[in-house]
file query.txt (compact mmCIF, C-alpha atoms)
# COMPACT_ATOMS: atom_id res chain seq x y z
CA MET A 286 -18.46 8.04 17.40
CA ARG A 287 -15.16 7.44 15.65
CA LEU A 288 -13.90 4.59 13.56
CA LEU A 289 -10.22 3.69 14.00
CA VAL A 290 -8.81 1.48 11.26
CA PHE A 291 -5.45 -0.25 11.67
CA THR A 292 -3.45 -2.44 9.33
CA LEU A 293 -2.33 -5.21 11.67
CA GLY A 294 0.89 -7.20 11.50
CA PHE A 295 2.80 -9.17 14.10
CA GLU A 296 2.89 -6.36 16.66
CA GLU A 297 0.15 -4.48 18.45
CA LYS A 298 2.36 -1.55 19.50
CA PHE A 299 1.18 0.87 16.81
CA ALA A 300 -2.46 0.45 17.80
CA ILE A 301 -1.77 0.73 21.53
CA ARG A 302 0.26 3.90 21.00
CA ALA A 303 -2.61 5.30 18.93
CA PHE A 304 -5.12 4.43 21.67
CA THR A 305 -2.93 6.25 24.17
CA ARG A 306 -2.35 9.22 21.89
CA ARG A 307 -5.95 9.73 20.80
CA GLY A 308 -7.88 8.15 23.64
CA LEU A 309 -10.99 6.06 23.18
CA ASP A 310 -14.57 7.01 23.95
CA VAL A 311 -17.71 4.98 24.48
CA GLY A 312 -19.18 4.23 21.06
CA ASP A 313 -15.86 4.22 19.22
CA ARG A 314 -15.21 1.35 16.84
CA ILE A 315 -11.90 -0.31 16.05
CA LEU A 316 -11.40 -2.19 12.79
CA LEU A 317 -8.21 -4.25 12.56
CA VAL A 318 -7.36 -5.32 9.02
CA ALA A 319 -5.05 -8.30 8.55
CA ALA A 320 -3.88 -10.42 5.63
CA ARG A 321 -5.68 -13.75 5.23
CA PRO A 322 -4.94 -16.25 6.61
CA ALA A 323 -3.89 -14.44 9.77
CA ALA A 324 -0.62 -15.84 11.13
CA ASP A 325 -0.47 -16.97 14.76
CA ARG A 326 1.49 -13.84 15.73
CA VAL A 327 -1.20 -11.64 14.14
CA VAL A 328 -3.91 -13.46 16.08
CA ARG A 329 -1.92 -12.99 19.29
CA ALA A 330 -1.57 -9.27 18.54
CA TYR A 331 -5.34 -9.05 17.99
CA ASN A 332 -6.08 -10.88 21.25
CA THR A 333 -3.72 -8.55 23.13
CA LEU A 334 -5.53 -5.52 21.68
CA ARG A 335 -8.94 -6.97 22.46
CA GLU A 336 -7.93 -7.63 26.06
CA PHE A 337 -6.43 -4.15 26.34
CA VAL A 338 -9.64 -2.52 25.12
CA GLN A 339 -11.85 -4.66 27.35
CA ARG A 340 -9.69 -4.01 30.39
CA TYR A 341 -9.57 -0.23 30.06
CA TYR A 342 -12.76 0.59 28.17
CA GLY A 343 -15.12 -2.30 28.94
CA GLY A 344 -17.82 -3.09 26.42
CA GLY A 345 -18.24 0.50 25.29
CA VAL A 346 -15.70 0.17 22.49
CA GLU A 347 -16.23 -2.32 19.69
CA ILE A 348 -13.19 -4.10 18.25
CA GLU A 349 -13.21 -6.40 15.24
CA LEU A 350 -10.62 -8.25 13.16
CA VAL A 351 -11.26 -8.62 9.44
CA GLU A 352 -9.01 -10.72 7.23
CA VAL A 353 -8.63 -9.96 3.52
CA ASN A 354 -6.91 -11.89 0.77
CA VAL A 355 -4.27 -9.48 -0.49
CA ARG A 356 -3.36 -11.90 -3.29
CA ASP A 357 -6.70 -10.87 -4.74
CA PHE A 358 -5.82 -7.20 -4.53
CA PRO A 359 -9.02 -5.74 -6.10
CA GLY A 360 -11.12 -7.98 -3.88
CA ALA A 361 -9.18 -6.89 -0.79
CA VAL A 362 -9.65 -3.22 -1.67
CA CYS A 363 -13.40 -3.67 -2.14
CA GLU A 364 -13.77 -5.64 1.10
CA ILE A 365 -11.90 -3.03 3.16
CA ARG A 366 -13.92 -0.24 1.58
CA ARG A 367 -17.18 -2.07 2.35
CA ARG A 368 -16.20 -2.65 5.99
CA VAL A 369 -15.22 0.98 6.49
CA LEU A 370 -18.51 2.20 5.00
CA GLU A 371 -20.45 -0.15 7.27
CA LYS A 372 -18.86 1.26 10.41
CA ALA A 373 -18.05 4.90 9.59
CA GLY A 374 -20.59 6.88 11.56
CA GLY A 375 -18.32 9.79 12.45
CA ASP A 376 -14.67 10.70 12.02
CA VAL A 377 -12.41 8.01 10.59
CA VAL A 378 -8.74 7.55 11.51
CA VAL A 379 -6.76 5.18 9.29
CA ASN A 380 -3.40 4.09 10.71
CA LEU A 381 -1.16 2.39 8.15
CA SER A 382 1.80 1.67 10.44
CA GLY A 383 1.56 -2.11 10.72
CA GLY A 384 1.10 -5.13 8.51
CA PRO A 385 2.56 -6.25 5.18
CA ARG A 386 3.06 -3.72 2.39
CA ALA A 387 0.36 -5.23 0.17
CA LEU A 388 -2.16 -4.85 2.98
CA VAL A 389 -1.15 -1.22 3.57
CA LEU A 390 -1.52 -0.46 -0.15
CA ALA A 391 -4.92 -2.17 -0.31
CA THR A 392 -6.16 -0.17 2.67
CA TYR A 393 -4.86 3.10 1.23
CA ALA A 394 -6.51 2.31 -2.10
CA ALA A 395 -9.79 1.60 -0.30
CA VAL A 396 -9.61 4.99 1.42
CA GLN A 397 -9.16 6.71 -1.94
CA LEU A 398 -12.38 5.09 -3.19
CA LEU A 399 -14.59 6.27 -0.33
CA PRO A 400 -17.52 8.52 -1.24
CA ASP A 401 -17.18 12.24 -0.55
CA ASP A 402 -19.43 12.33 2.51
CA VAL A 403 -17.11 9.83 4.25
CA ALA A 404 -13.82 10.91 2.66
CA LYS A 405 -14.05 14.41 4.14
CA ARG A 406 -14.02 12.86 7.64
CA VAL A 407 -10.95 10.66 7.08
CA ARG A 408 -7.50 11.17 8.58
CA VAL A 409 -4.61 8.98 7.45
CA GLU A 410 -1.51 8.53 9.58
CA VAL A 411 1.71 6.49 9.57
CA GLU A 412 3.99 6.11 12.58
CA PHE A 413 7.73 5.55 12.47
CA GLU A 414 8.77 2.07 13.55
CA ASP A 415 10.42 3.35 16.73
CA GLY A 416 7.51 5.63 17.58
CA THR A 417 9.58 8.81 17.35
CA TYR A 418 7.40 10.51 14.74
CA LEU A 419 3.87 10.39 13.39
CA VAL A 420 3.24 11.40 9.79
CA GLU A 421 -0.26 12.77 9.29
CA VAL A 422 -1.06 12.55 5.59
CA PRO A 423 -2.94 15.66 4.42
CA LEU A 424 -6.42 14.88 3.15
CA CYS A 425 -5.70 16.71 -0.09
CA ALA A 426 -2.75 14.37 -0.66
CA VAL A 427 -4.98 11.34 -0.33
CA TYR A 428 -7.55 12.74 -2.74
CA ALA A 429 -5.27 15.06 -4.75
CA GLN A 430 -6.37 14.05 -8.25
CA LYS A 431 -10.05 14.04 -7.38
CA LEU A 432 -9.79 17.42 -5.65
CA ALA A 433 -7.84 18.95 -8.54
CA GLU A 434 -10.51 17.89 -11.00
CA ARG A 435 -13.23 19.45 -8.88
CA LEU A 436 -11.44 22.71 -8.29
CA GLY A 437 -11.43 23.54 -11.98
CA GLU A 438 -8.89 25.41 -14.07
CA GLU A 439 -9.43 28.87 -12.58
CA LYS A 440 -8.83 27.87 -8.95
CA LEU A 441 -5.90 25.68 -9.98
CA ALA A 442 -4.39 28.63 -11.84
CA VAL A 443 -4.69 30.76 -8.69
CA LEU A 444 -2.96 28.05 -6.65
CA GLU A 445 -0.22 27.72 -9.24
CA LYS A 446 0.51 31.46 -9.23
CA LEU A 447 0.57 31.50 -5.44
CA ALA A 448 3.04 28.62 -5.52
CA GLN A 449 5.27 30.67 -7.80
CA ARG A 450 4.99 33.97 -5.92
CA GLY A 451 4.75 32.80 -2.32
CA VAL A 452 2.47 35.66 -1.25
CA ALA A 453 0.20 37.71 -3.54
CA THR A 454 -2.80 40.01 -3.44
CA ALA A 455 -6.07 39.23 -5.21
CA GLU A 456 -5.37 42.08 -7.67
CA GLU A 457 -1.91 40.71 -8.51
CA LEU A 458 -3.30 37.24 -9.06
CA ALA A 459 -6.17 38.57 -11.16
CA ARG A 460 -3.72 40.21 -13.56
CA GLU A 461 -1.60 37.09 -13.87
CA VAL A 462 -4.45 34.64 -14.46
CA ASN A 463 -6.55 37.02 -16.61
CA LEU A 464 -9.58 37.08 -14.34
CA ASP A 465 -11.39 39.97 -12.70
CA SER A 466 -10.46 40.62 -9.08
CA SER A 467 -13.93 39.81 -7.73
CA THR A 468 -13.69 36.31 -9.23
CA VAL A 469 -10.24 35.80 -7.74
CA ARG A 470 -11.47 36.98 -4.35
CA ARG A 471 -14.28 34.44 -4.50
CA HIS A 472 -11.84 31.70 -5.47
CA ILE A 473 -9.51 32.62 -2.60
CA ARG A 474 -12.36 32.41 -0.11
CA ARG A 475 -13.30 28.96 -1.38
CA LEU A 476 -9.68 27.79 -1.33
CA GLU A 477 -9.38 29.05 2.24
CA GLU A 478 -12.45 26.99 3.22
CA LEU A 479 -10.75 23.94 1.73
CA GLY A 480 -7.57 24.59 3.71
CA LEU A 481 -5.49 25.22 0.59
CA VAL A 482 -4.67 28.89 1.14
CA GLN A 483 -4.14 31.07 4.18
CA VAL A 484 -5.43 34.62 4.07
CA LEU A 485 -2.84 36.99 5.55
CA SER A 486 -4.83 40.21 5.30
CA LYS A 487 -8.22 41.28 3.99
CA ARG A 488 -7.45 44.86 2.90
CA PRO A 489 -5.79 44.30 0.57
CA LEU A 490 -6.68 40.63 0.29
CA ARG A 491 -3.33 38.81 0.51
CA ALA A 492 -2.90 35.07 0.61
CA GLU A 493 -0.34 32.29 0.52
CA LEU A 494 -0.45 28.55 0.01
CA THR A 495 -0.75 26.18 2.92
CA GLN A 496 1.69 23.28 3.11
CA ASP A 497 -1.07 20.88 2.11
CA ALA A 498 -1.81 22.75 -1.12
CA LYS A 499 1.67 22.05 -2.49
CA VAL A 500 0.53 18.50 -3.23
CA ILE A 501 -2.17 19.88 -5.53
CA THR A 502 0.10 22.29 -7.40
CA CYS A 503 2.66 19.57 -8.19
CA LEU A 504 0.02 17.93 -10.40
CA ARG A 505 0.45 20.81 -12.86
CA GLU A 506 4.23 20.60 -13.09
call {"tool": "encode", "arguments": {"input": "query.txt", "output": "structure tokens"}}
result
Amino acid sequence: MRLLVFTLGFEEKFAIRAFTRRGLDVGDRILLVAARPAADRVVRAYNTLREFVQRYYGGGVEIELVEVNVRDFPGAVCEIRRRVLEKAGGDVVVNLSGGPRALVLATYAAVQLLPDDVAKRVRVEVEFEDGTYLVEVPLCAVYAQKLAERLGEEKLAVLEKLAQRGVATAEELAREVNLDSSTVRRHIRRLEELGLVQVLSKRPLRAELTQDAKVITCLRE
């Protein structure tokens, strides 16, 4: 059961393209977030989406419109966070393609404040206006500061050296960060689990950064 969250403006096209791209399954939930008070064109976009979902998916997919007062930015962030937590039973897709900028920022801020058990299931995406490209925001970019703090200095040092070298063995990294090789091997395995490094060979253990990890290493520049 997925939760699909959309910032909603005057047009429903971003949501419909996402429905088509990802598909909808029985039990999925759709949360449309709009600025309060919702303008007539926003209400029309919501009604179009509701009719689309009912026509093609019947009553098996829940769709709801929630309005938040973006002039009260902290209140809007808290309200969006609360609504997401209420409905997030499985994976969460947050599409920030539509709606006013303040609404998009409030929704993004709400995502950053989600607890870990929900945050690890979140995917954030933004679509180009003309639909030619979809930017999928890496999870580590959304939670970069929080993740960096939890990794600790040793793992961050390993990432930093990999960023400098491109590719390195565990033994080479151990010498450069002044740790024993067994510790570095353990750190590399954990970083691989987190999707921050890619292991190229096991004997010798050679690794490189993933694209996502570059967001983390820039925090130390």
call {"tool": "atom_distance", "arguments": {"input": "query.txt", "atom1": "CA of Glu412 (chain A)", "atom2": "CA of Thr502 (chain A)"}}
result
26.0 Å
call {"tool": "atom_distance", "arguments": {"input": "query.txt", "atom1": "CA of Tyr393 (chain A)", "atom2": "CA of Gly344 (chain A)"}}
result
29.0 Å
call {"tool": "atom_distance", "arguments": {"input": "query.txt", "atom1": "CA of Leu381 (chain A)", "atom2": "CA of Asp310 (chain A)"}}
result
21.2 Å
call {"tool": "closest_residue", "arguments": {"input": "query.txt", "among": "A:Glu296, A:Glu414, A:Asp402, A:Glu461", "to": "Thr333 (chain A)", "atoms": "all atoms listed in the file"}}
result
A:Glu296
call {"tool": "residues_near_point", "arguments": {"input": "query.txt", "point": "(-13.8, -4.5, 3.2)", "cutoff": "9 Å", "atoms": "all atoms listed in the file", "output": "CSV table (one decimal) with C-alpha atoms, keeping the file's coordinate frame"}}
result
chain,number,residue,atom,x,y,z
A,318,VAL,CA,-7.4,-5.3,9.0
A,351,VAL,CA,-11.3,-8.6,9.4
A,352,GLU,CA,-9.0,-10.7,7.2
A,353,VAL,CA,-8.6,-10.0,3.5
A,360,GLY,CA,-11.1,-8.0,-3.9
A,361,ALA,CA,-9.2,-6.9,-0.8
A,362,VAL,CA,-9.6,-3.2,-1.7
A,363,CYS,CA,-13.4,-3.7,-2.1
A,364,GLU,CA,-13.8,-5.6,1.1
A,365,ILE,CA,-11.9,-3.0,3.2
A,366,ARG,CA,-13.9,-0.2,1.6
A,367,ARG,CA,-17.2,-2.1,2.4
A,368,ARG,CA,-16.2,-2.6,6.0
A,369,VAL,CA,-15.2,1.0,6.5
A,370,LEU,CA,-18.5,2.2,5.0
A,371,GLU,CA,-20.4,-0.2,7.3
A,392,THR,CA,-6.2,-0.2,2.7
A,395,ALA,CA,-9.8,1.6,-0.3
call {"tool": "closest_residue", "arguments": {"input": "query.txt", "among": "A:Glu410, A:Asp497, A:Val443, A:Val355", "to": "Cys425 (chain A)", "atoms": "only C-alpha atoms"}}
result
A:Asp497
call {"tool": "closest_atom_pairs", "arguments": {"input": "query.txt", "of": "region 340-418 of chain A", "to": "region 286-292 of chain A", "cutoff": "7 Å", "atoms": "only C-alpha atoms", "output": "JSON lines"}}
result
{"residue": "A:Lys372", "atom": "CA", "partner": "A:Leu288", "partner_atom": "CA", "distance": 6.8}
{"residue": "A:Ala373", "atom": "CA", "partner": "A:Leu288", "partner_atom": "CA", "distance": 5.8}
{"residue": "A:Gly374", "atom": "CA", "partner": "A:Met286", "partner_atom": "CA", "distance": 6.3}
{"residue": "A:Gly375", "atom": "CA", "partner": "A:Arg287", "partner_atom": "CA", "distance": 5.1}
{"residue": "A:Asp376", "atom": "CA", "partner": "A:Arg287", "partner_atom": "CA", "distance": 4.9}
{"residue": "A:Val377", "atom": "CA", "partner": "A:Leu288", "partner_atom": "CA", "distance": 4.8}
{"residue": "A:Val378", "atom": "CA", "partner": "A:Leu289", "partner_atom": "CA", "distance": 4.8}
{"residue": "A:Val379", "atom": "CA", "partner": "A:Val290", "partner_atom": "CA", "distance": 4.7}
{"residue": "A:Asn380", "atom": "CA", "partner": "A:Phe291", "partner_atom": "CA", "distance": 4.9}
{"residue": "A:Leu381", "atom": "CA", "partner": "A:Thr292", "partner_atom": "CA", "distance": 5.5}
{"residue": "A:Ser382", "atom": "CA", "partner": "A:Thr292", "partner_atom": "CA", "distance": 6.8}
{"residue": "A:Gly383", "atom": "CA", "partner": "A:Thr292", "partner_atom": "CA", "distance": 5.2}
{"residue": "A:Gly384", "atom": "CA", "partner": "A:Thr292", "partner_atom": "CA", "distance": 5.3}
{"residue": "A:Leu388", "atom": "CA", "partner": "A:Thr292", "partner_atom": "CA", "distance": 6.9}
{"residue": "A:Val389", "atom": "CA", "partner": "A:Thr292", "partner_atom": "CA", "distance": 6.3}
call {"tool": "residues_around", "arguments": {"input": "query.txt", "residues": "Leu441 (chain A)", "least_positions_apart": "4", "cutoff": "10 Å", "atoms": "only C-alpha atoms", "output": "list in words"}}
result
Ala433, Glu434, Arg435, Leu436, Gly437, Glu445, Lys446, Leu447, His472, Leu476, Ile501, Thr502, Leu504 and Arg505 of chain A
call {"tool": "residues_around", "arguments": {"input": "query.txt", "residues": "region 341-343 of chain A", "least_positions_apart": "2", "cutoff": "9 Å", "atoms": "only C-alpha atoms", "output": "JSON list (two decimals) with C-alpha atoms, keeping the file's coordinate frame"}}
result
[["chain", "number", "residue", "atom", "x", "y", "z"],
["A", 309, "LEU", "CA", -10.99, 6.06, 23.18],
["A", 310, "ASP", "CA", -14.57, 7.01, 23.95],
["A", 311, "VAL", "CA", -17.71, 4.98, 24.48],
["A", 336, "GLU", "CA", -7.93, -7.63, 26.06],
["A", 337, "PHE", "CA", -6.43, -4.15, 26.34],
["A", 338, "VAL", "CA", -9.64, -2.52, 25.12],
["A", 339, "GLN", "CA", -11.85, -4.66, 27.35],
["A", 345, "GLY", "CA", -18.24, 0.50, 25.29],
["A", 346, "VAL", "CA", -15.70, 0.17, 22.49]]
call {"tool": "closest_residue", "arguments": {"input": "query.txt", "among": "A:Ala442, A:Ala387, A:Ala319, A:Ala300", "to": "Val462 (chain A)", "atoms": "only C-alpha atoms"}}
result
A:Ala442
call {"tool": "closest_residue", "arguments": {"input": "query.txt", "among": "A:Tyr331, A:Arg326, A:Phe295, A:Ala303", "to": "Val411 (chain A)", "atoms": "only C-alpha atoms"}}
result
A:Ala303
call {"tool": "closest_residue", "arguments": {"input": "query.txt", "among": "A:Leu494, A:Ala320, A:Leu350, A:Leu293", "to": "Gln449 (chain A)", "atoms": "only C-alpha atoms"}}
result
A:Leu494
call {"tool": "residues_around", "arguments": {"input": "query.txt", "residues": "Ala459 (chain A)", "least_positions_apart": "3", "cutoff": "10 Å", "atoms": "all atoms listed in the file", "output": "count of residues only"}}
result
15
